[in-house]
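target.cif follows; it contains mmCIF, C-alpha atoms.
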data_structure
#
loop_
_atom_site.label_atom_id
_atom_site.label_comp_id
_atom_site.auth_asym_id
_atom_site.auth_seq_id
_atom_site.Cartn_x
_atom_site.Cartn_y
_atom_site.Cartn_z
CA MET A 962 -49.56 -278.16 252.31
CA GLU A 963 -46.93 -275.47 252.76
CA GLY A 964 -45.21 -275.65 256.07
CA SER A 965 -45.84 -279.35 256.64
CA PHE A 966 -43.07 -281.83 256.34
CA ALA A 967 -44.05 -285.49 256.24
CA VAL A 968 -47.02 -287.14 254.62
CA ASN A 969 -48.18 -290.70 254.28
CA ASP A 970 -49.22 -292.43 251.09
CA LYS A 971 -52.93 -291.77 251.59
CA GLN A 972 -52.66 -288.07 251.93
CA GLY A 973 -53.64 -287.40 248.34
CA ASP A 974 -56.92 -289.25 248.83
CA GLN A 975 -58.11 -287.11 251.68
CA PRO A 976 -60.43 -284.17 251.11
CA GLN A 977 -58.92 -280.76 251.59
CA GLY A 978 -59.21 -279.57 255.16
CA ALA A 979 -59.35 -283.08 256.61
CA HIS A 980 -56.90 -284.10 259.27
CA GLU A 981 -53.41 -284.11 257.78
CA PRO A 982 -50.99 -286.80 258.87
CA GLY A 983 -47.50 -285.83 259.90
CA ARG A 984 -47.13 -282.47 261.57
CA ARG A 985 -46.66 -278.87 260.73
CA LEU A 986 -43.24 -277.36 261.25
CA THR A 987 -43.01 -274.88 264.05
CA PRO A 988 -42.18 -271.35 262.86
CA GLU A 989 -38.65 -271.78 264.25
CA GLU A 990 -38.10 -275.02 262.35
CA ALA A 991 -39.43 -273.53 259.11
CA LYS A 992 -37.30 -270.42 259.53
CA SER A 993 -34.08 -272.31 260.27
CA ARG A 994 -34.69 -274.78 257.41
CA ARG A 995 -35.30 -271.91 254.99
CA SER A 996 -32.13 -270.13 256.10
CA ARG A 997 -30.11 -273.35 255.71
CA ASN A 998 -31.54 -273.85 252.23
CA VAL A 999 -30.66 -270.28 251.25
CA ALA A 1000 -27.11 -270.78 252.58
CA ILE A 1001 -26.71 -274.01 250.56
CA ALA A 1002 -28.05 -272.28 247.44
CA ILE A 1003 -25.60 -269.41 247.87
CA GLY A 1004 -22.77 -271.90 248.43
CA ILE A 1005 -23.59 -273.86 245.26
CA CYS A 1006 -23.91 -270.67 243.18
CA PHE A 1007 -20.56 -269.47 244.54
CA LEU A 1008 -18.93 -272.80 243.64
CA ILE A 1009 -20.35 -272.64 240.09
CA VAL A 1010 -18.93 -269.14 239.60
CA LEU A 1011 -15.61 -270.13 241.24
CA PHE A 1012 -15.09 -273.20 239.03
CA TYR A 1013 -16.06 -271.20 235.93
CA VAL A 1014 -13.60 -268.41 236.74
CA VAL A 1015 -10.86 -270.90 237.66
CA THR A 1016 -11.40 -272.76 234.37
CA ILE A 1017 -11.06 -269.55 232.39
CA ALA A 1018 -7.97 -268.59 234.41
CA LYS A 1019 -6.34 -271.98 233.79
CA LEU A 1020 -7.11 -271.84 230.08
CA GLY A 1021 -5.43 -268.43 229.95
CA VAL A 1022 -5.69 -265.85 227.21
CA GLY A 1023 -5.41 -268.61 224.61
CA VAL A 1024 -9.08 -269.37 225.12
CA VAL A 1025 -10.07 -266.39 222.96
CA VAL A 1026 -7.58 -267.20 220.18
CA ARG A 1027 -9.28 -269.46 217.68
CA PRO A 1028 -7.42 -270.67 214.56
CA GLY A 1029 -8.80 -269.33 211.30
CA ILE A 1030 -10.77 -266.49 212.86
CA MET B 561 -30.99 -284.58 261.49
CA SER B 562 -34.11 -286.47 262.36
CA PHE B 563 -36.91 -287.07 259.92
CA VAL B 564 -40.62 -287.27 260.49
CA THR B 565 -41.98 -290.66 259.50
CA GLY B 566 -45.67 -290.10 259.13
CA GLN B 567 -46.52 -290.36 262.81
CA ASN B 568 -48.90 -287.86 264.35
CA ASP B 569 -47.46 -287.75 267.84
CA PHE B 570 -44.88 -285.10 268.37
CA THR B 571 -41.65 -286.51 269.70
CA ASP B 572 -38.19 -285.07 270.23
CA GLN B 573 -36.92 -287.51 267.62
CA ALA B 574 -39.31 -285.97 265.10
CA ARG B 575 -37.96 -282.47 265.57
CA LEU B 576 -36.28 -280.83 262.64
CA SER B 577 -32.91 -279.26 263.23
CA LEU B 578 -33.03 -275.67 264.43
CA ALA B 579 -29.43 -275.07 263.35
CA GLU B 580 -28.86 -271.80 261.53
CA PRO B 581 -26.11 -271.24 258.94
CA ARG B 582 -24.17 -269.25 261.53
CA ASP B 583 -24.02 -272.38 263.72
CA PHE B 584 -22.39 -274.30 260.88
CA PHE B 585 -20.06 -271.38 260.30
CA ALA B 586 -19.08 -271.54 263.98
CA LEU B 587 -18.17 -275.22 263.46
CA LEU B 588 -15.41 -274.03 261.12
CA LYS B 589 -13.63 -272.19 263.97
CA PRO B 590 -13.49 -268.89 262.05
CA ARG B 591 -10.81 -267.34 264.26
CA VAL B 592 -8.49 -270.28 263.62
CA MET B 593 -9.40 -270.06 259.93
CA SER B 594 -8.30 -266.41 259.81
CA LEU B 595 -4.86 -267.43 261.10
CA VAL B 596 -4.72 -270.29 258.58
CA VAL B 597 -5.56 -267.90 255.74
CA LEU B 598 -2.83 -265.48 256.85
CA THR B 599 -0.14 -268.15 257.26
CA ALA B 600 -1.05 -269.94 254.01
CA LEU B 601 -0.97 -266.60 252.22
CA ALA B 602 2.49 -265.94 253.67
CA GLY B 603 3.57 -269.34 252.32
CA MET B 604 2.32 -268.31 248.87
CA MET B 605 4.04 -264.94 249.11
CA VAL B 606 7.51 -266.31 249.83
CA SER B 607 7.40 -268.52 246.73
CA PRO B 608 9.68 -267.41 243.88
CA ALA B 609 7.00 -268.02 241.26
CA PRO B 610 4.33 -265.33 240.89
CA ALA B 611 0.94 -266.70 241.84
CA HIS B 612 -2.01 -266.22 239.48
CA PRO B 613 -4.37 -264.07 241.58
CA VAL B 614 -7.52 -266.07 240.73
CA LEU B 615 -5.87 -269.44 241.31
CA ALA B 616 -4.20 -268.16 244.48
CA PHE B 617 -7.54 -266.94 245.80
CA ALA B 618 -9.26 -270.24 245.00
CA SER B 619 -6.37 -272.19 246.57
CA LEU B 620 -6.49 -270.05 249.68
CA LEU B 621 -10.22 -270.59 249.93
CA ALA B 622 -9.78 -274.36 249.64
CA ILE B 623 -7.08 -274.34 252.34
CA ALA B 624 -9.29 -272.24 254.63
CA VAL B 625 -12.29 -274.54 254.11
CA GLY B 626 -10.09 -277.59 254.70
CA ALA B 627 -8.92 -276.08 257.99
CA GLY B 628 -12.52 -275.31 258.88
CA ALA B 629 -13.56 -278.86 258.03
CA SER B 630 -10.98 -280.25 260.43
CA GLY B 631 -12.38 -277.87 263.07
CA ALA B 632 -15.88 -279.27 262.49
CA LEU B 633 -14.57 -282.83 262.85
CA ASN B 634 -12.79 -281.78 266.05
CA MET B 635 -16.01 -280.31 267.47
CA TRP B 636 -17.94 -283.45 266.52
CA TYR B 637 -15.48 -285.75 268.31
CA ASP B 638 -14.80 -283.51 271.31
CA ALA B 639 -18.43 -282.58 272.07
CA ASP B 640 -18.34 -284.60 275.32
CA ILE B 641 -15.36 -282.74 276.78
CA ASP B 642 -16.37 -279.41 275.24
CA ALA B 643 -19.59 -279.63 277.27
CA LEU B 644 -17.56 -279.74 280.48
CA MET B 645 -15.51 -276.58 279.91
CA THR B 646 -16.82 -273.00 280.11
CA ARG B 647 -14.68 -271.91 277.17
CA THR B 648 -16.20 -274.51 274.85
CA LYS B 649 -19.61 -275.45 276.23
CA THR B 650 -21.40 -272.89 274.06
CA ARG B 651 -20.02 -274.45 270.87
CA PRO B 652 -22.74 -275.62 268.43
CA VAL B 653 -22.62 -279.36 269.25
CA PRO B 654 -22.43 -279.36 273.07
CA SER B 655 -25.04 -276.59 273.24
CA GLY B 656 -27.39 -278.73 271.14
CA ARG B 657 -27.79 -276.28 268.27
CA VAL B 658 -26.16 -278.72 265.82
CA ALA B 659 -26.52 -282.51 266.10
CA ALA B 660 -23.30 -284.52 266.30
CA GLY B 661 -24.15 -286.33 263.07
CA GLU B 662 -24.69 -283.04 261.27
CA ALA B 663 -21.26 -281.79 262.40
CA LEU B 664 -19.63 -285.03 261.26
CA SER B 665 -21.31 -284.95 257.84
CA PHE B 666 -20.49 -281.27 257.44
CA GLY B 667 -16.83 -281.85 258.31
CA LEU B 668 -16.45 -284.86 256.02
CA VAL B 669 -18.16 -283.22 253.03
CA LEU B 670 -16.09 -280.05 253.36
CA SER B 671 -12.88 -282.07 253.81
CA VAL B 672 -13.41 -283.95 250.55
CA LEU B 673 -14.60 -280.84 248.72
CA SER B 674 -11.66 -278.71 249.86
CA VAL B 675 -9.02 -281.33 249.00
CA LEU B 676 -10.50 -282.03 245.55
CA THR B 677 -10.86 -278.31 244.85
CA LEU B 678 -7.24 -277.61 245.79
CA GLY B 679 -6.09 -280.52 243.64
CA VAL B 680 -8.01 -279.29 240.61
CA VAL B 681 -7.18 -275.61 241.11
CA SER B 682 -3.48 -275.92 241.98
CA ASN B 683 -1.79 -279.34 242.14
CA TRP B 684 -2.09 -282.69 243.86
CA LEU B 685 0.96 -282.24 246.11
CA ALA B 686 -0.77 -279.30 247.78
CA ALA B 687 -4.02 -281.27 247.91
CA SER B 688 -2.24 -284.24 249.50
CA LEU B 689 -0.64 -281.97 252.09
CA LEU B 690 -4.04 -280.44 252.88
CA ALA B 691 -5.56 -283.92 253.22
CA PHE B 692 -2.73 -284.92 255.55
CA THR B 693 -3.24 -281.73 257.60
CA ILE B 694 -6.94 -282.50 258.05
CA PHE B 695 -6.13 -286.11 258.96
CA PHE B 696 -3.42 -285.02 261.38
CA TYR B 697 -5.69 -282.56 263.20
CA ALA B 698 -8.88 -284.63 263.23
CA VAL B 699 -7.43 -288.10 263.81
CA VAL B 700 -3.86 -287.87 265.16
CA TYR B 701 -4.41 -284.85 267.42
CA THR B 702 -8.14 -284.91 268.27
CA MET B 703 -8.81 -288.63 268.49
CA TRP B 704 -5.43 -289.84 269.72
CA LEU B 705 -3.01 -287.33 271.24
CA LYS B 706 -5.38 -284.92 272.96
CA ARG B 707 -6.72 -287.36 275.56
CA TRP B 708 -3.54 -289.41 275.83
CA THR B 709 -0.43 -287.32 276.42
CA PRO B 710 0.50 -283.89 277.80
CA GLN B 711 2.61 -283.53 274.65
CA ASN B 712 -0.69 -283.35 272.72
CA ILE B 713 -0.38 -279.77 271.55
CA VAL B 714 3.38 -280.07 270.94
CA ILE B 715 2.97 -282.83 268.35
CA GLY B 716 -0.53 -281.72 267.34
CA GLY B 717 0.86 -278.24 266.70
CA ALA B 718 2.14 -279.60 263.39
CA ALA B 719 -1.43 -279.48 262.06
CA GLY B 720 -1.60 -275.74 262.65
CA ALA B 721 1.88 -275.28 261.21
CA PHE B 722 1.17 -276.91 257.85
CA PRO B 723 -0.82 -274.11 256.10
CA PRO B 724 2.24 -272.12 254.90
CA VAL B 725 3.70 -275.35 253.47
CA VAL B 726 0.41 -276.07 251.73
CA GLY B 727 0.23 -272.49 250.45
CA TYR B 728 3.77 -272.65 249.07
CA ALA B 729 3.08 -276.03 247.45
CA ALA B 730 -0.12 -274.68 245.89
CA VAL B 731 1.89 -272.04 243.99
CA THR B 732 5.10 -273.94 243.22
CA GLY B 733 4.18 -277.62 243.33
CA SER B 734 7.05 -278.24 245.75
CA VAL B 735 8.18 -277.87 249.37
CA SER B 736 11.11 -275.59 250.15
CA ILE B 737 13.25 -274.58 253.09
CA GLU B 738 11.43 -271.23 253.21
CA SER B 739 8.06 -272.88 253.77
CA LEU B 740 9.60 -275.24 256.33
CA VAL B 741 10.98 -272.26 258.28
CA LEU B 742 7.46 -270.79 258.42
CA PHE B 743 6.26 -274.23 259.56
CA ALA B 744 8.89 -274.22 262.32
CA ILE B 745 7.84 -270.78 263.58
CA ILE B 746 4.22 -271.87 264.10
CA PHE B 747 5.26 -275.28 265.44
CA ILE B 748 7.50 -273.83 268.16
CA TRP B 749 5.05 -270.99 268.88
CA THR B 750 2.19 -273.41 269.66
CA PRO B 751 3.32 -274.79 273.09
CA PRO B 752 3.86 -271.44 274.87
CA HIS B 753 0.67 -270.11 273.30
CA PHE B 754 -1.58 -272.98 274.40
CA TRP B 755 0.08 -273.69 277.72
CA ALA B 756 -0.39 -270.04 278.74
CA LEU B 757 -4.13 -270.63 278.34
CA ALA B 758 -3.93 -274.09 279.91
CA LEU B 759 -2.37 -272.60 283.06
CA VAL B 760 -5.49 -270.48 283.52
CA LYS B 761 -7.94 -273.24 282.54
CA SER B 762 -6.07 -276.05 284.27
CA ASP B 763 -9.00 -277.08 286.50
CA GLU B 764 -11.35 -277.31 283.55
CA TYR B 765 -8.97 -279.49 281.54
CA ALA B 766 -8.56 -281.73 284.60
CA ARG B 767 -12.33 -282.00 285.03
CA ALA B 768 -12.68 -282.94 281.36
CA GLY B 769 -9.89 -285.51 281.67
CA VAL B 770 -7.63 -283.83 279.12
CA PRO B 771 -3.98 -284.28 280.14
CA MET B 772 -2.70 -280.79 279.45
CA MET B 773 0.78 -280.02 280.73
CA PRO B 774 -0.27 -278.00 283.86
CA ASN B 775 -2.68 -280.61 285.23
CA ALA B 776 -0.62 -283.61 284.07
CA LYS B 777 2.95 -282.57 284.91
CA GLY B 778 2.40 -279.61 287.19
CA GLU B 779 2.44 -275.83 286.80
CA ARG B 780 6.12 -275.43 287.62
CA ARG B 781 7.25 -277.66 284.78
CA THR B 782 4.77 -275.97 282.41
CA ARG B 783 6.16 -272.54 283.23
CA ILE B 784 9.72 -273.75 282.63
CA GLU B 785 8.81 -275.35 279.31
CA ILE B 786 6.96 -272.21 278.23
CA LEU B 787 10.15 -270.24 278.79
CA VAL B 788 12.29 -272.84 276.99
CA TYR B 789 10.03 -272.85 273.93
CA SER B 790 9.91 -269.03 273.92
CA ILE B 791 13.71 -268.90 273.99
CA LEU B 792 13.79 -271.34 271.07
CA LEU B 793 11.12 -269.38 269.21
CA ALA B 794 12.92 -266.03 269.27
CA PRO B 795 15.81 -267.01 266.92
CA VAL B 796 13.61 -269.20 264.72
CA GLY B 797 11.28 -266.23 264.25
CA VAL B 798 14.19 -264.18 262.88
CA LEU B 799 15.23 -266.87 260.35
CA PRO B 800 13.17 -265.51 257.40
CA TRP B 801 15.22 -262.29 257.56
CA ALA B 802 18.51 -264.13 258.27
CA MET B 803 17.91 -266.41 255.28
CA GLY B 804 17.07 -263.50 253.02
CA PHE B 805 13.42 -264.03 252.20
CA ALA B 806 12.15 -261.27 254.49
CA SER B 807 13.30 -257.69 254.89
CA ILE B 808 15.10 -255.94 257.73
CA VAL B 809 11.72 -254.52 258.78
CA TYR B 810 10.57 -258.07 259.38
CA GLY B 811 13.86 -258.81 261.16
CA VAL B 812 13.37 -255.94 263.59
CA ILE B 813 9.76 -256.91 264.28
CA ALA B 814 10.77 -260.56 264.80
CA MET B 815 13.59 -259.62 267.17
CA ALA B 816 11.38 -257.28 269.20
CA GLY B 817 8.57 -259.82 269.21
CA GLY B 818 10.90 -262.65 270.20
CA ALA B 819 12.23 -260.55 273.08
CA GLY B 820 8.62 -259.84 274.06
CA MET B 821 7.77 -263.56 274.07
CA ILE B 822 10.76 -264.29 276.32
CA TRP B 823 9.86 -261.40 278.64
CA TYR B 824 6.23 -262.50 279.01
CA ALA B 825 7.31 -266.14 279.45
CA TRP B 826 9.74 -265.02 282.16
CA ARG B 827 6.88 -263.23 283.91
CA VAL B 828 4.82 -266.43 283.76
CA LEU B 829 7.69 -268.27 285.45
CA ARG B 830 8.22 -265.52 288.03
CA ASP B 831 4.66 -264.57 289.00
CA THR B 832 3.20 -267.61 290.71
CA ASP B 833 0.71 -266.20 293.21
CA ASP B 834 -2.89 -266.58 292.07
CA ALA B 835 -3.82 -263.10 290.88
CA SER B 836 -0.55 -262.16 289.19
CA ALA B 837 -0.08 -265.67 287.74
CA ARG B 838 -3.39 -265.48 285.90
CA LYS B 839 -2.57 -261.99 284.62
CA ALA B 840 0.90 -263.07 283.46
CA SER B 841 -0.48 -266.13 281.64
CA MET B 842 -3.22 -264.18 279.87
CA SER B 843 -0.69 -261.49 278.91
CA LEU B 844 1.53 -264.12 277.31
CA PHE B 845 -1.48 -265.70 275.60
CA GLY B 846 -2.55 -262.34 274.15
CA PHE B 847 0.96 -261.30 273.17
CA SER B 848 1.65 -264.64 271.45
CA ILE B 849 -1.32 -264.08 269.13
CA LEU B 850 -0.11 -260.55 268.39
CA TYR B 851 3.42 -261.87 267.76
CA LEU B 852 2.39 -264.49 265.22
CA PHE B 853 -0.01 -262.16 263.40
CA ALA B 854 2.69 -259.46 263.25
CA LEU B 855 5.30 -261.81 261.75
CA PHE B 856 3.07 -263.28 259.06
CA LEU B 857 1.29 -260.02 258.32
CA THR B 858 4.69 -258.41 257.72
CA ILE B 859 5.71 -261.20 255.32
CA VAL B 860 2.44 -260.81 253.44
CA ALA B 861 2.64 -257.01 253.39
CA GLU B 862 6.22 -256.77 252.15
CA ASN B 863 5.82 -259.49 249.52
CA GLY B 864 2.37 -258.49 248.36
CA PRO B 865 1.28 -254.83 248.38
CA ALA B 866 4.84 -253.51 248.81
CA GLN B 867 6.17 -255.42 245.80
CA MET B 868 3.16 -254.38 243.75
CA LEU B 869 3.89 -250.74 244.60
CA VAL B 870 7.55 -251.18 243.63
CA ARG B 871 6.56 -252.78 240.31
CA ALA B 872 4.00 -250.06 239.64
CA PHE B 873 6.59 -247.39 240.47
CA GLY B 874 9.10 -249.10 238.20
CA ALA B 875 6.57 -249.33 235.36
CA VAL B 876 5.77 -245.62 235.57
CA PHE B 877 9.23 -244.18 236.21
CA GLY B 878 11.54 -247.00 235.16
#

Written as structure tokens, how would this file's structure read?
Amino acid sequence: MEGSFAVNDKQGDQPQGAHEPGRRLTPEEAKSRRSRNVAIAIGICFLIVLFYVVTIAKLGVGVVVRPGI
Amino acid sequence: MSFVTGQNDFTDQARLSLAEPRDFFALLKPRVMSLVVLTALAGMMVSPAPAHPVLAFASLLAIAVGAGASGALNMWYDADIDALMTRTKTRPVPSGRVAAGEALSFGLVLSVLSVLTLGVVSNWLAASLLAFTIFFYAVVYTMWLKRWTPQNIVIGGAAGAFPPVVGYAAVTGSVSIESLVLFAIIFIWTPPHFWALALVKSDEYARAGVPMMPNAKGERRTRIEILVYSILLAPVGVLPWAMGFASIVYGVIAMAGGAGMIWYAWRVLRDTDDASARKASMSLFGFSILYLFALFLTIVAENGPAQMLVRAFGAVFG
């Protein structure tokens, strides 16, 4: 069902190849949605790295000094 | 964004957004963001406390995103008048590439994210100042002043002037006279900068119903006020050197730049016939951008790379 967007509850009951409710995305819609998803993924990954690095920076060098080791 | 609801008939309402990431990036007003980054960085650089590079970078990023978020909120609210002006009608919302609701959500999410990030990364004074800056630009300027008074960009200019104060607060946790001087430079620079453009685009602002100074109070008064603000700006621009937190190199650049601002403003007042008036206004507009970038770039350069070189030299030969 790749490329389609909305389905109704009965979709799973229909034989493969039968008329599918909803509609297929146009190539432009699919392309722009994919590019938005990639941008969001990159943004989230960047935030994860940023908060990790900031946490380490705020902890300072003391983070590697562990008593008794 | 609209969602398909199981219907088979294709309707406009059922269309998915065709907005690309670059359209959302355009909502952030990247050129304004670059100026915000530079001025906030200058605010950080004049602080007496050394900034941790990682925390400074993260703070700067949060300030830039906060500024961008306020730009997105501005484009959401102003889509109706943006559609009427040639300079702004190709923006993502009036051109239809991004839905108004998408721009609003984007602006709100980034506003919250940037303020919280700055609070966690630096301190809550800086975060509060950033929140106030976003509020001032999106609500006080965009929703209230812009369509109400020809003093819109005079008062609203405070929003653009806050970044160095936020930057300084991010590093020190306080507000100082140095950061307020940088605030004053941008605040006084804003009217001659925007009114130079407004003189050229006066008809468009009038058509959109925005009471800019030229179409609300007349071109003559605008030209006089441009000159007055430029005369005020010249000495204020020199203050960082006079107060001792910028070098003589900065002082010379500020004096030459201030004289340039007055000269171009004088030309705007003098040249009033159509062809030369437009040229004089656009010259002032272009020079004002150069002036502000030169001042803040000099502050950044002499407090950042130059000091690092001095320290490195001292460490090797000292």

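Comparing the minimum interatomic distances between chain A and each of B:Ser671, B:Ser619, B:Ser848, B:Ser594, counting only C-alpha atoms, we find that B:Ser619 sits nearest.
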
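Atom pair CA of Trp704 in chain B / CA of Gly716 in chain B has a distance of 9.8 Å (rounded to one decimal).
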
All residues 8 Å or closer to Ala586 in chain B, all atoms listed in the file, same chain fewer than 3 positions away omitted, as an MDAnalysis selection string: chainID B and resid 582:583 589:590 651:652

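Interatomic distance, CA of Val658 in chain B to CA of Arg995 in chain A: 15.7 Å.
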
Using all atoms listed in the file, find each residue in chain A having at least one atom no more than 10 Å away from chain B; report its shortest atom-to-atom pair and that distance in Å (one decimal), rows by chain then rising number, as a Markdown table.
| residue | atom | partner | partner_atom | distance |
| --- | --- | --- | --- | --- |
| A:Phe966 | CA | B:Val564 | CA | 7.3 |
| A:Ala967 | CA | B:Gly566 | CA | 5.7 |
| A:Val968 | CA | B:Gly566 | CA | 5.6 |
| A:Asn969 | CA | B:Gly566 | CA | 5.5 |
| A:Asp970 | CA | B:Gly566 | CA | 9.1 |
| A:Glu981 | CA | B:Asn568 | CA | 8.8 |
| A:Pro982 | CA | B:Asn568 | CA | 6.0 |
| A:Gly983 | CA | B:Gly566 | CA | 4.7 |
| A:Arg984 | CA | B:Asn568 | CA | 6.3 |
| A:Arg985 | CA | B:Asn568 | CA | 9.9 |
| A:Leu986 | CA | B:Leu576 | CA | 7.9 |
| A:Thr987 | CA | B:Leu576 | CA | 9.1 |
| A:Glu989 | CA | B:Leu578 | CA | 6.8 |
| A:Glu990 | CA | B:Leu578 | CA | 5.5 |
| A:Ala991 | CA | B:Leu578 | CA | 8.6 |
| A:Lys992 | CA | B:Leu578 | CA | 8.4 |
| A:Ser993 | CA | B:Glu580 | CA | 5.4 |
| A:Arg994 | CA | B:Leu578 | CA | 7.3 |
| A:Arg995 | CA | B:Glu580 | CA | 9.2 |
| A:Ser996 | CA | B:Glu580 | CA | 6.6 |
| A:Arg997 | CA | B:Pro581 | CA | 5.6 |
| A:Asn998 | CA | B:Pro581 | CA | 9.0 |
| A:Val999 | CA | B:Pro581 | CA | 9.0 |
| A:Ala1000 | CA | B:Pro581 | CA | 6.5 |
| A:Ile1001 | CA | B:Pro581 | CA | 8.8 |
| A:Leu1008 | CA | B:Thr677 | CA | 9.8 |
| A:Leu1011 | CA | B:Ala618 | CA | 7.4 |
| A:Phe1012 | CA | B:Val681 | CA | 8.5 |
| A:Val1014 | CA | B:Val614 | CA | 7.6 |
| A:Val1015 | CA | B:Leu615 | CA | 6.4 |
| A:Thr1016 | CA | B:Val681 | CA | 8.4 |
| A:Ile1017 | CA | B:Val614 | CA | 9.7 |
| A:Ala1018 | CA | B:Val614 | CA | 6.8 |
| A:Lys1019 | CA | B:Leu615 | CA | 8.0 |

Excluding Ser739 in chain B and any residue of its chain fewer than 5 positions from it, enumerate the residues within 6 Å of it, using all atoms listed in the file, and give them as a list in words. Gly603, Pro724 and Val725 of chain B

Store the residues picked out above in a file with C-alpha atoms, as a short mmCIF file (atom, residue, chain, number, x, y, z; two decimals), in the coordinates of the input.
data_model
loop_
_atom_site.label_atom_id
_atom_site.label_comp_id
_atom_site.auth_asym_id
_atom_site.auth_seq_id
_atom_site.Cartn_x
_atom_site.Cartn_y
_atom_site.Cartn_z
CA GLY B 603 3.57 -269.34 252.32
CA PRO B 724 2.24 -272.12 254.90
CA VAL B 725 3.70 -275.35 253.47
#

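One finds CA of Gly817 in chain B at 13.5 Å from CA of Ser843 in chain B.
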
Nearest to Gly769 in chain B, chosen from B:Asn683, B:Ser665, B:Thr832, B:Thr709, with all atoms listed in the file counted in the distances: B:Thr709

Residues near Met815 in chain B, anyone? I mean within 12 Å using all atoms listed in the file, not counting same-chain ones fewer than 4 positions away, as a count of residues only. 22

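The residues returned by the PyMOL selection byres ((chain B and resi 788) around 12) for this structure are Ile748, Trp749, Pro751, Pro752, Arg781, Thr782, Arg783, Ile784, Glu785, Ile786, Leu787, Tyr789, Ser790, Ile791, Leu792, Leu793, Ala794, Met821, Ile822, Trp823, Ala825, Trp826, Val828 and Leu829 of chain B.
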
What do you get, as a ChimeraX atom specification, if you spell out every residue that the PyMOL selection byres ((chain B and resi 605) around 8) selects here? /B:601-604,606-607,728,859-860,863-864

Residue subset to file, keeping C-alpha atoms, as a short mmCIF file (atom, residue, chain, number, x, y, z; two decimals), in the frame of the given file:
data_model
loop_
_atom_site.label_atom_id
_atom_site.label_comp_id
_atom_site.auth_asym_id
_atom_site.auth_seq_id
_atom_site.Cartn_x
_atom_site.Cartn_y
_atom_site.Cartn_z
CA LEU B 601 -0.97 -266.60 252.22
CA ALA B 602 2.49 -265.94 253.67
CA GLY B 603 3.57 -269.34 252.32
CA MET B 604 2.32 -268.31 248.87
CA VAL B 606 7.51 -266.31 249.83
CA SER B 607 7.40 -268.52 246.73
CA TYR B 728 3.77 -272.65 249.07
CA ILE B 859 5.71 -261.20 255.32
CA VAL B 860 2.44 -260.81 253.44
CA ASN B 863 5.82 -259.49 249.52
CA GLY B 864 2.37 -258.49 248.36
#

Neighbour residues at most 8 Å from (-6.1, -277.8, 248.6) (all atoms listed in the file) as a ChimeraX atom specification: /B:619-620,622-623,626,674-679,681-684,686-691,726,730

Listed atoms of range 602-614 of chain B boxed axis-aligned with 5 Å per side, centre + edges as lines of an AutoDock Vina configuration file:
center_x = 1.1
center_y = -266.7
center_z = 246.6
size_x = 27.2
size_y = 15.3
size_z = 24.2

For the PyMOL selection byres ((chain B and resi 633) around 7), applied here, can you spell out every residue it catches as a ChimeraX atom specification? /B:629-632,634-637,663-664,667,698
